[in-house]
Every structure is written in structure tokens, then in C-alpha cells.
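**Student:** My questions all concern the structure below.
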Amino acid sequence: MNLSKSLYTRGLQCPKSLWLKKNNKEVLTDLEDTTVFEVGNKVGVLACKLFPSGKEIPYNGTTFEEKINLTKKYLKEGVKNIYEATFSFENIIIMIDVLHVNDDGSLEINEVKSSTEVKEIYLHDASIQYYVLNGLGFNVQKTNIVHINNNYVREEELEIEKLFSIINVTVEIKKLEENISSILQNFKTFLDKGEPDIDIGEHCSKPYDCDAMEYCWKTLRNIPEYSVFNISRLSKKRKFGFYQRGILDIKDIPDSEKFSASQMIQIQSDKTNSSIINKRGIKEFLNTLTYPIYHLDFETFQQAIPEWKGVKPYMQIPFQYSLHIEHEDGIVDHKEFLAKEGLDPRHELAKKLIKDIPSYVTVLAYNMGFEKSVIRKLAETYPDLNVKLMAIHDNIKDLMTSFANKDYYTPTMKGSYSIKYVLPALVPEMENAYKELEYVQNGGDAMQVFPSLSEIKDEEERKNLRKALLEYCKLDTLAMVKVLEKLKESVR
Ligand code: SF4
């Protein structure tokens with residue numbers, strides 16, 4: 001049984017997933033997010049500076065045997081910090097992010113994570129490293145999880161000691177290590193036989209979304225695209241309860257089952273295949289709006305390692321907005337902002353925003369919590385703009401209200417009130433408008449494209465990408481105008 005750290009944690013989540021990885025890889029879906037991977041790499045490289053003057057075991061161009069031998073050599077030479085130190089014990093290969101050697105020869109394991117907290121799975125990840133070193137006879141004094149400190153606010157210079165938190169998890173690791181032998185024995189029992197007959201369950205997405213879901217859920221268990229698992233805000237326990245009773249189609253749920261009012265709307269709408277529209281609720285929301293209405297949408301991105309003063313790790317940094325201004329007579333104007341790449345965009349954006357939006361007008365956002373938190377953060381950062389920014393903040397209304405309350409619900413919304421489902425349900429022609437966009441078709445694309453602009457040398461390419469960003473964001477607020485139009489029509 002050959003294992004690595006990641007195979008070990010995979011097996012902990014589900015032994016069937018480990019079996020599939022080893023024996024039927026073809027059924028697994030590639031879920032690797034390259035952006036997350038790149039961030040992890042950058043964070044890993046920076047964290048090495050906390051343990052300076054070390055030697056790295058190169059990942060590319062060396063076999064595992066060579067990596068192990070080089071690690072031994074560095075240990076013998078008295079190197080104090082070894083990055084990607086590699087060991088093998090009982091056919092388990094581990095690579096330690098940073099191995100620190102104390103003056104008395106004892107060792108310290110440092111597992112670097114780009115997240116902002118110690119998750120339980122990280123302890124398991126580190127415990128297998130401890131198990132291997134312990135098994136090889138090393139004296140491991142300490143095990144740390146090194147993660148990003150999201151309370152850190154960058155000043156002029158990046159201070160890596162403040163950017164990272166080093167958490168001593170030695171006690172927890174030692175406790176976990178006691179069970180590893182029996183866990184490995186259990187894996188072996190599974191791996192020695194044919195494909196394990198493990199049913200789907202909450203473990204399929206805990207702690208990670210399993211890459212065998214397509215196979216286990218769809219191919220083996222015939223779970224349809226839309227099923228009891230899509231009932232809005234229903235506990236996992238109840239969802240799996242229906243599954244265990246053989247109820248997958250929402251239409252097959254017995255009428256005697258109790259649900260919240262909102263869930264009942266979804267279920268009734270499915271059972272009768274009809275839309276449910278509560279005109280009173282919609283009117284109540286529409287009555288809160290006054291003209292002109294400023295439809296606002298931000299695009300943001302995040303930095304694990306803050307590049308500018310005043311930025312915290314992973315905070316939402318707005319770089320773009322689109323504004324459709326809808327007047328009572330039906331005329332719609334458009335304004336927009338897209339920051340210059342490579343510079344801190346926040347101040348310019350905030351200045352333009354208060355110029356574009358007067359203080360006491362209705363501002364509409366879809367899922368306003370996001371827009372409000374971005375504006376609040378800008379107001380805190382720029383005291384000179386605070387009053388005007390907070391006036392915009394305080395006047396934001398949420399276009400999502402009628403959908404979140406299920407005052408307007410159609411079966412095509414599939415239990416969701418995200419704009420991704422609401423828009424095609426209300427304005428089907430706009431769904432294609434997004435698909436026809438070049439380069440940027442969703443917020444995730446925008447989030448990746450903007451920070452990449454500063455590295456693009458070709459001016460034409462940069463221009464095209466900037467145009468794509470503007471077109472995408474503009475479509476978002478235009479979609480809001482259209483959704484509001486449909487809402488108004490529904491109560492006429
Ligand atoms: S989808 Fe679920 S049951 Fe299938 S391998 Fe993954 S975790 Fe196990």
C-alpha cells in the first residue's frame with residue numbers, strides 16, 4: 001500500500017474515494033482549482049522566509065528516492081531548515097513543507113496552509129507526517145500549522161512574521177497519531193478487496209467536495225440533477241433521510257411532511273409545476289424604491305498576500321463597478337469604472353462612486369450584503385469620503401428580497417434565489433447574452449482576469465480583456481434592470 005499525505009486524508013474522508021483513486025481513476029473529475037493551487041504555492045514560498053537560510057528539495061526533476069537521499073544528506077550536513085523534506089516509512093511518502101532542526105537535533109514539523117485557520121483535516125495531514133518521522137526514530141519535538149493571519153493589515157512594507165500565524169498543534173497531533181496504525185490497517189482491508197460498497201452521505205462533501213460525486217451520485221445511485229437534495233435550506237440529515245426512504249423526486253414527498261413556509265412554496269410549485277407569485281409581498285418591496293434607481297454591481301478580487309497598504313489577506317478589493325440609472329420615464333443611463341491594473345484601485349473607485357451616485361437616491365444591488373460590506377470597508381479606509389460613502393451604503397435596497405422571500409418563485413429556479421437561477425427564469429433571453437461574452441462570463445472569471453492584467457505585456461490583449469470586463473459587469477446591472485422590470489410586470 002503506497003500512500004502520500006493527500007491519499008491518507010482522502011482515505012480518511014472516504015475509503016472508497018481512496019480505492020477509486022488507486023484502481024479506477026477514470027471516474028474521478030478534475031476539481032483542481034489552478035488559482036487556489038497558485039496561491040498555495042506563493043504562500044508556501046513566502047512562509048519559507050520565516051525559516052531562513054534553508055535548503056530546498058527540488059520537486060521537479062528528482063525521483064522520490066533522490067529526494068529522500070538529499071534530505072538525509074542535508075540532515076547530515078547540519079542544515080537547519082529543509083523545505084519539502086522527504087521521508088518514507090511503511091510505504092508512506094511524506095514531504096514536509098518546512099522541517100526545522102533544533103540545536104539538540106530534535107525536529108519541528110511546519111505544515112504551511114494558505115487558509116486563515118487551523119482546520120481539522122490539517123491536523124490529520126500533519127499527524128501522518130509525525131507518524132512517519134516517529135516511525136523512522138526521529139525525535140519530533142513540535143508540530144506547527146503555519147497559516148495566514150487574516151487580522152493582519154499591511155503597512156508600507158510586508159511583515160511576514162505578522163502575516164503568518166504559527167500554531168503549535170503538537171498535543172492534538174500526538175493524540176491523532178495513536179490511531180494511525182489501525183486506520184492504515186482499515187485502508188489495507190479496503191484496498192485488498194474490490195470496490196467498497198460505501199453509500200453516499202454527508203461525508204461526500206466533508207471536508208472537501210469529493211471528486212467521485214459524478215460517479216457515485218449520478219452513475220451508481222441515479223441522483224437526478226434536481227432532487228430532494230435541492231430543497232432550499234433543508235438540513236442534510238432530512239435530505240439523506242428522504243434518500244434512504246427512496247424518495248428522490250420532490251413530487252414524491254408525502255403531503256404529510258412538514259416544512260417551512262418557504263420550502264412549502266418550492267415543493268408546491270414543483271408538485272403543481274406552476275409559478276407562485278405573492279403580489280402583496282412584491283408590492284411591499286417595490287414601494288420601498290424611489291426613482292431614479294441606481295442599479296449597482298461591484299467586481300472584486302482578493303490577495304492572500306496583501307500588496308498594498310491597508311489591505312488585509314483575502315479582503316474583497318473592489319476594482320470595478322457598473323451602474324445602470326433607471327429613471328421613472330423609462331430612460332436608462334449607464335456609468336462604469338474599471339481601475340488601472342497593477343495599482344491599488346480602492347481610492348479612485350471610491351472617489352468615482354461618490355461622484356456617480358448622489359447621496360439620497362435608491363441604490364439597488366442583488367444580494368446587497370456584499371455591496372454594503374465593500375462600501376463600508378471603503379468608508380472606514382477613507383475618512384474624507386466616509387459620509388458620502390455611508391449615505392450610499394444606507395440607501396441600498398436588495399433586489400434579491402422578493403426571491404429570497406419566495407414572493408416570486410417558478411419551478412425553474414430550482415430552490416435557489418441566486419441571480420444565476422432567477423435571471424433565466426425571468427429573462428430567459430439574457431442567459432444567452434452571458435454565454436456570448438468573450439473571456440469573462442462570470443464573477444469568478446473577472447476575479448482572475450483583473451489581477452492578471454498587469455502581467456500581460458501585449459497591449460492589444462490587455463485592451464481586449466479590459467473591454468471584456470466592462471461588458472460583463474455592464475450586463476450584470478442590465479440584468480438587474482430587466483429583472484426589476486419583470487417584477488413590476490408581475491404585479492400589474
Ligand atoms: S462520492 Fe461519496 S461515497 Fe463516493 S467516493 Fe466520494 S465520498 Fe465516497
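Chain lettering (A, B, ...) mirrors the order of the C-alpha cells, residue numbering begins at 1 for each chain separately, and ligand numbering begins at 1 in order of display.
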What do you get as a compact mmCIF listing (two decimals) with C-alpha atoms, in the first residue's frame if you pick all residues at most 12 Å from ligand 1, counting only C-alpha atoms and all ligand atoms?
**Tutor:**
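What landed in result_20.txt:
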# COMPACT_ATOMS: atom_id res chain seq x y z
CA THR A 9 -6.56 12.35 4.08
CA ARG A 10 -8.56 11.16 1.05
CA GLY A 11 -8.94 7.76 2.71
CA LEU A 12 -10.00 9.40 5.96
CA GLN A 13 -12.80 11.23 4.17
CA CYS A 14 -13.93 8.02 2.44
CA PRO A 15 -12.07 4.74 1.88
CA LYS A 16 -14.00 4.28 -1.35
CA SER A 17 -12.52 7.52 -2.68
CA LEU A 18 -9.04 6.16 -1.88
CA TRP A 19 -9.89 2.88 -3.62
CA LEU A 20 -11.14 4.70 -6.71
CA LYS A 21 -8.03 6.89 -6.83
CA LYS A 22 -5.86 3.79 -6.83
CA ASN A 24 -10.42 3.44 -11.14
CA LYS A 25 -9.06 6.96 -11.60
CA VAL A 27 -14.28 8.02 -12.93
CA LEU A 28 -12.85 10.94 -10.94
CA THR A 29 -13.50 14.51 -12.02
CA GLU A 195 -14.61 -1.61 -4.97
CA PRO A 196 -16.01 -0.83 -1.49
CA ASP A 197 -19.76 -0.67 -1.18
CA ILE A 198 -19.95 2.65 0.65
CA ASP A 199 -23.15 4.64 0.30
CA ILE A 200 -23.26 8.35 -0.44
CA GLY A 201 -23.66 10.55 2.62
CA GLU A 202 -22.63 13.77 4.31
CA HIS A 203 -19.01 12.63 4.03
CA CYS A 204 -19.18 13.26 0.24
CA SER A 205 -18.63 16.96 0.81
CA LYS A 206 -16.93 16.95 4.21
CA PRO A 207 -14.31 18.32 4.48
CA TYR A 208 -13.96 18.56 0.69
CA ASP A 209 -16.24 18.01 -2.28
CA CYS A 210 -15.29 14.52 -3.38
CA ASP A 211 -14.12 14.16 -6.96
CA ALA A 212 -16.09 10.90 -7.33
CA MET A 213 -19.50 12.53 -6.93
CA GLU A 214 -20.34 12.29 -10.61
CA TYR A 215 -19.70 8.55 -10.43
CA CYS A 216 -21.20 7.70 -7.02
CA TRP A 217 -24.17 10.05 -7.11
CA LYS A 218 -25.15 10.00 -10.76
CA THR A 219 -23.86 6.73 -12.23
CA LEU A 220 -24.24 4.44 -9.24
CA ARG A 221 -27.18 5.97 -7.34
CA ILE A 223 -29.45 11.02 -8.24
**Student:** What's around A:Val132 at 8 Å? Count only C-alpha atoms, leave out sequence neighbours fewer than 2 positions away in its own chain, and write the answer as a count of residues only.
**Tutor:** 11
**Student:** So the first atom is atom CA of A:Asn2 and the second is atom CA of A:Phe187; what is the distance between them in Å, to one decimal place?
**Tutor:**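 Going from atom CA of A:Asn2 over to atom CA of A:Phe187, I get 10.9 Å.
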**Student:** Can you pull out the residues contacting A:Lys309? Cut-off 7 Å, using only C-alpha atoms, and skip same-chain residues under 3 positions away; I want them as a tab-separated table (two decimals) with C-alpha atoms, in the first residue's frame.
**Tutor:**
chain	number	residue	atom	x	y	z
A	154	ARG	CA	-0.35	45.60	5.72
A	155	GLU	CA	1.61	48.78	6.36
A	156	GLU	CA	4.08	50.20	3.80
**Student:** Please, which residues in stretch 231-336 of chain A fall within 7 Å of stretch 476-489 of chain A when counting only C-alpha atoms, and what is the closest atom pair and distance in Å to one decimal for each, ordered by chain then residue number, as a Markdown table?
**Tutor:**
| residue | atom | partner | partner_atom | distance |
| --- | --- | --- | --- | --- |
| A:His295 | CA | A:Thr477 | CA | 5.8 |
| A:Leu296 | CA | A:Thr477 | CA | 6.3 |
| A:Asp297 | CA | A:Thr477 | CA | 6.2 |
| A:Ser322 | CA | A:Thr477 | CA | 6.4 |
| A:Leu323 | CA | A:Thr477 | CA | 6.4 |
| A:His324 | CA | A:Thr477 | CA | 6.0 |
**Student:** Just give me the gap between atom CA of A:Asn273 and atom CA of A:Pro411 in Å, one decimal is fine.
**Tutor:**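 Calculated distance between atom CA of A:Asn273 and atom CA of A:Pro411 is 6.4 Å.
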**Student:** Mind pulling up the distance from atom CA of A:Phe64 to atom CA of A:Thr189?
**Tutor:**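 Distance between the two atoms: 26.1 Å.
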**Student:** Using only C-alpha atoms, which residue out of A:Lys406, A:His124, A:Lys457, A:Lys80 lies closest to A:Ile276?
**Tutor:**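 Using only C-alpha atoms, A:Ile276 sits closest to A:Lys406.
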**Student:** Using only C-alpha atoms, which residue out of A:Glu111, A:Asp104, A:Glu284, A:Glu307 lies closest to A:Asn144?
**Tutor:**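 Of the candidates, the smallest distance to A:Asn144 is held by A:Glu111.
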**Student:** Based on DSSP run over this structure's backbone, return all residues of stretch 155-335 of chain A in helix (DSSP H, G or I), as number ranges by chain.
**Tutor:** A: 160-163, 170-177, 180-192, 202-205, 213-220, 228-230, 236-244, 250-252, 261-272, 279-286
**Student:** Can you pull out the residues contacting A:Glu348? Cut-off 12 Å, using only C-alpha atoms, and skip same-chain residues under 5 positions away; I want them as a ChimeraX atom specification.
**Tutor:** /A:318-321,337-340,343,353-355,378,382,385
**Student:** Those selected residues, please, written with N, CA and C atoms and delivered as a PDB file, in the first residue's frame.
**Tutor:**
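Everything below was put into again.pdb:
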ATOM      1  N   PRO A 318     -12.414  46.000  -4.248  1.00  0.00           N
ATOM      2  CA  PRO A 318     -13.205  46.335  -5.436  1.00  0.00           C
ATOM      3  C   PRO A 318     -12.321  46.976  -6.496  1.00  0.00           C
ATOM      4  N   PHE A 319     -12.494  46.550  -7.746  1.00  0.00           N
ATOM      5  CA  PHE A 319     -11.707  47.167  -8.826  1.00  0.00           C
ATOM      6  C   PHE A 319     -12.597  47.696  -9.953  1.00  0.00           C
ATOM      7  N   GLN A 320     -13.896  47.392  -9.864  1.00  0.00           N
ATOM      8  CA  GLN A 320     -14.768  47.752 -10.973  1.00  0.00           C
ATOM      9  C   GLN A 320     -16.204  47.866 -10.474  1.00  0.00           C
ATOM     10  N   TYR A 321     -16.957  48.757 -11.110  1.00  0.00           N
ATOM     11  CA  TYR A 321     -18.410  48.711 -10.894  1.00  0.00           C
ATOM     12  C   TYR A 321     -19.127  49.110 -12.164  1.00  0.00           C
ATOM     13  N   PHE A 337     -16.876  52.042 -13.976  1.00  0.00           N
ATOM     14  CA  PHE A 337     -15.494  52.306 -13.557  1.00  0.00           C
ATOM     15  C   PHE A 337     -14.707  51.011 -13.628  1.00  0.00           C
ATOM     16  N   LEU A 338     -13.524  51.090 -14.195  1.00  0.00           N
ATOM     17  CA  LEU A 338     -12.610  49.934 -14.176  1.00  0.00           C
ATOM     18  C   LEU A 338     -11.218  50.474 -13.870  1.00  0.00           C
ATOM     19  N   ALA A 339     -10.651  50.006 -12.771  1.00  0.00           N
ATOM     20  CA  ALA A 339      -9.370  50.555 -12.299  1.00  0.00           C
ATOM     21  C   ALA A 339      -8.227  50.226 -13.250  1.00  0.00           C
ATOM     22  N   LYS A 340      -7.182  51.036 -13.122  1.00  0.00           N
ATOM     23  CA  LYS A 340      -5.954  50.764 -13.864  1.00  0.00           C
ATOM     24  C   LYS A 340      -5.291  49.550 -13.211  1.00  0.00           C
ATOM     25  N   LEU A 343      -2.288  48.766  -9.756  1.00  0.00           N
ATOM     26  CA  LEU A 343      -2.264  49.765  -8.679  1.00  0.00           C
ATOM     27  C   LEU A 343      -3.413  49.484  -7.723  1.00  0.00           C
ATOM     28  N   LEU A 353     -17.208  56.635  -7.345  1.00  0.00           N
ATOM     29  CA  LEU A 353     -18.516  56.140  -6.895  1.00  0.00           C
ATOM     30  C   LEU A 353     -19.349  57.267  -6.287  1.00  0.00           C
ATOM     31  N   ILE A 354     -18.703  58.091  -5.428  1.00  0.00           N
ATOM     32  CA  ILE A 354     -19.488  59.159  -4.794  1.00  0.00           C
ATOM     33  C   ILE A 354     -19.821  60.268  -5.796  1.00  0.00           C
ATOM     34  N   LYS A 355     -19.062  60.330  -6.883  1.00  0.00           N
ATOM     35  CA  LYS A 355     -19.378  61.300  -7.937  1.00  0.00           C
ATOM     36  C   LYS A 355     -20.571  60.800  -8.765  1.00  0.00           C
ATOM     37  N   LEU A 378     -14.632  50.638   2.398  1.00  0.00           N
ATOM     38  CA  LEU A 378     -14.063  51.835   1.751  1.00  0.00           C
ATOM     39  C   LEU A 378     -14.250  53.049   2.659  1.00  0.00           C
ATOM     40  N   TYR A 382     -11.206  55.433   3.996  1.00  0.00           N
ATOM     41  CA  TYR A 382     -11.034  56.814   3.532  1.00  0.00           C
ATOM     42  C   TYR A 382     -11.978  57.739   4.306  1.00  0.00           C
ATOM     43  N   LEU A 385     -14.009  60.441   2.669  1.00  0.00           N
ATOM     44  CA  LEU A 385     -15.130  60.072   1.795  1.00  0.00           C
ATOM     45  C   LEU A 385     -16.236  59.375   2.585  1.00  0.00           C
TER      46      LEU A 385
END
**Student:** Counting only C-alpha atoms, what is within 9 Å of A:Asp356, bar same-chain residues fewer than 4 positions away, as a list in words?
**Tutor:** Leu323, Lys335, Glu336, Lys351 and Lys352 of chain A
**Student:** Got a sec: who's within 8 Å of stretch 360-371 of chain A, counting only C-alpha atoms, leaving out chain neighbours fewer than 3 positions off, as a PyMOL selection string?
**Tutor:** chain A and resi 289-298+357+374-375+391-392+395-400+419+480
**Student:** What would the file look like if the residues just selected were written as a PDB file, in the first residue's frame with N, CA and C atoms?
**Tutor:**
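Below you can see out.pdb, which holds the result:
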ATOM      1  N   LEU A 289     -38.899  51.495  -3.202  1.00  0.00           N
ATOM      2  CA  LEU A 289     -37.981  52.082  -4.194  1.00  0.00           C
ATOM      3  C   LEU A 289     -38.488  53.434  -4.674  1.00  0.00           C
ATOM      4  N   THR A 290     -37.547  54.372  -4.841  1.00  0.00           N
ATOM      5  CA  THR A 290     -37.908  55.663  -5.432  1.00  0.00           C
ATOM      6  C   THR A 290     -37.018  55.913  -6.643  1.00  0.00           C
ATOM      7  N   TYR A 291     -37.539  56.666  -7.612  1.00  0.00           N
ATOM      8  CA  TYR A 291     -36.754  56.952  -8.829  1.00  0.00           C
ATOM      9  C   TYR A 291     -35.920  58.200  -8.648  1.00  0.00           C
ATOM     10  N   PRO A 292     -34.783  58.295  -9.326  1.00  0.00           N
ATOM     11  CA  PRO A 292     -34.154  57.284 -10.179  1.00  0.00           C
ATOM     12  C   PRO A 292     -33.549  56.152  -9.338  1.00  0.00           C
ATOM     13  N   ILE A 293     -33.514  54.962  -9.938  1.00  0.00           N
ATOM     14  CA  ILE A 293     -32.941  53.807  -9.240  1.00  0.00           C
ATOM     15  C   ILE A 293     -31.542  53.535  -9.799  1.00  0.00           C
ATOM     16  N   TYR A 294     -30.572  53.455  -8.890  1.00  0.00           N
ATOM     17  CA  TYR A 294     -29.175  53.217  -9.290  1.00  0.00           C
ATOM     18  C   TYR A 294     -28.852  51.732  -9.098  1.00  0.00           C
ATOM     19  N   HIS A 295     -28.837  50.990 -10.197  1.00  0.00           N
ATOM     20  CA  HIS A 295     -28.523  49.553 -10.126  1.00  0.00           C
ATOM     21  C   HIS A 295     -27.001  49.399 -10.079  1.00  0.00           C
ATOM     22  N   LEU A 296     -26.519  48.864  -8.969  1.00  0.00           N
ATOM     23  CA  LEU A 296     -25.055  48.834  -8.750  1.00  0.00           C
ATOM     24  C   LEU A 296     -24.528  47.407  -8.616  1.00  0.00           C
ATOM     25  N   ASP A 297     -23.383  47.178  -9.231  1.00  0.00           N
ATOM     26  CA  ASP A 297     -22.715  45.871  -9.072  1.00  0.00           C
ATOM     27  C   ASP A 297     -21.203  46.074  -9.042  1.00  0.00           C
ATOM     28  N   PHE A 298     -20.569  45.510  -8.018  1.00  0.00           N
ATOM     29  CA  PHE A 298     -19.097  45.571  -7.914  1.00  0.00           C
ATOM     30  C   PHE A 298     -18.473  44.291  -8.421  1.00  0.00           C
ATOM     31  N   ILE A 357     -22.919  58.500  -7.798  1.00  0.00           N
ATOM     32  CA  ILE A 357     -24.179  58.233  -7.068  1.00  0.00           C
ATOM     33  C   ILE A 357     -24.441  59.364  -6.083  1.00  0.00           C
ATOM     34  N   VAL A 374     -18.516  46.009   1.026  1.00  0.00           N
ATOM     35  CA  VAL A 374     -17.430  46.649   0.258  1.00  0.00           C
ATOM     36  C   VAL A 374     -17.428  48.161   0.518  1.00  0.00           C
ATOM     37  N   ILE A 375     -18.618  48.770   0.493  1.00  0.00           N
ATOM     38  CA  ILE A 375     -18.696  50.226   0.693  1.00  0.00           C
ATOM     39  C   ILE A 375     -18.297  50.600   2.129  1.00  0.00           C
ATOM     40  N   ALA A 391     -23.715  57.304   3.014  1.00  0.00           N
ATOM     41  CA  ALA A 391     -25.054  57.688   2.528  1.00  0.00           C
ATOM     42  C   ALA A 391     -25.489  56.708   1.435  1.00  0.00           C
ATOM     43  N   ILE A 392     -24.548  56.332   0.571  1.00  0.00           N
ATOM     44  CA  ILE A 392     -24.863  55.336  -0.476  1.00  0.00           C
ATOM     45  C   ILE A 392     -25.193  54.005   0.206  1.00  0.00           C
ATOM     46  N   ASN A 395     -28.568  53.664   1.740  1.00  0.00           N
ATOM     47  CA  ASN A 395     -29.725  53.694   0.827  1.00  0.00           C
ATOM     48  C   ASN A 395     -29.806  52.469  -0.075  1.00  0.00           C
ATOM     49  N   ILE A 396     -28.987  51.469   0.187  1.00  0.00           N
ATOM     50  CA  ILE A 396     -29.019  50.283  -0.675  1.00  0.00           C
ATOM     51  C   ILE A 396     -30.217  49.404  -0.327  1.00  0.00           C
ATOM     52  N   LYS A 397     -30.918  48.992  -1.360  1.00  0.00           N
ATOM     53  CA  LYS A 397     -32.025  48.025  -1.208  1.00  0.00           C
ATOM     54  C   LYS A 397     -31.614  46.767  -1.976  1.00  0.00           C
ATOM     55  N   ASP A 398     -32.251  45.667  -1.592  1.00  0.00           N
ATOM     56  CA  ASP A 398     -31.827  44.391  -2.181  1.00  0.00           C
ATOM     57  C   ASP A 398     -32.849  43.850  -3.173  1.00  0.00           C
ATOM     58  N   LEU A 399     -32.443  43.764  -4.436  1.00  0.00           N
ATOM     59  CA  LEU A 399     -33.326  43.229  -5.471  1.00  0.00           C
ATOM     60  C   LEU A 399     -33.630  41.743  -5.234  1.00  0.00           C
ATOM     61  N   MET A 400     -32.808  41.125  -4.404  1.00  0.00           N
ATOM     62  CA  MET A 400     -32.988  39.694  -4.135  1.00  0.00           C
ATOM     63  C   MET A 400     -34.193  39.427  -3.208  1.00  0.00           C
ATOM     64  N   ILE A 419     -28.892  34.882  -8.534  1.00  0.00           N
ATOM     65  CA  ILE A 419     -29.192  35.527  -9.822  1.00  0.00           C
ATOM     66  C   ILE A 419     -28.988  34.529 -10.975  1.00  0.00           C
ATOM     67  N   MET A 480     -30.157  43.309 -13.889  1.00  0.00           N
ATOM     68  CA  MET A 480     -30.948  43.771 -12.735  1.00  0.00           C
ATOM     69  C   MET A 480     -32.114  44.652 -13.193  1.00  0.00           C
TER      70      MET A 480
END
**Student:** Pick the closest to A:Ser418 from A:Gly310, A:Lys271, A:His334, A:Ser232: which is it, counting only C-alpha atoms?
**Tutor:**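 Of all the options, A:Ser232 lies closest to A:Ser418.
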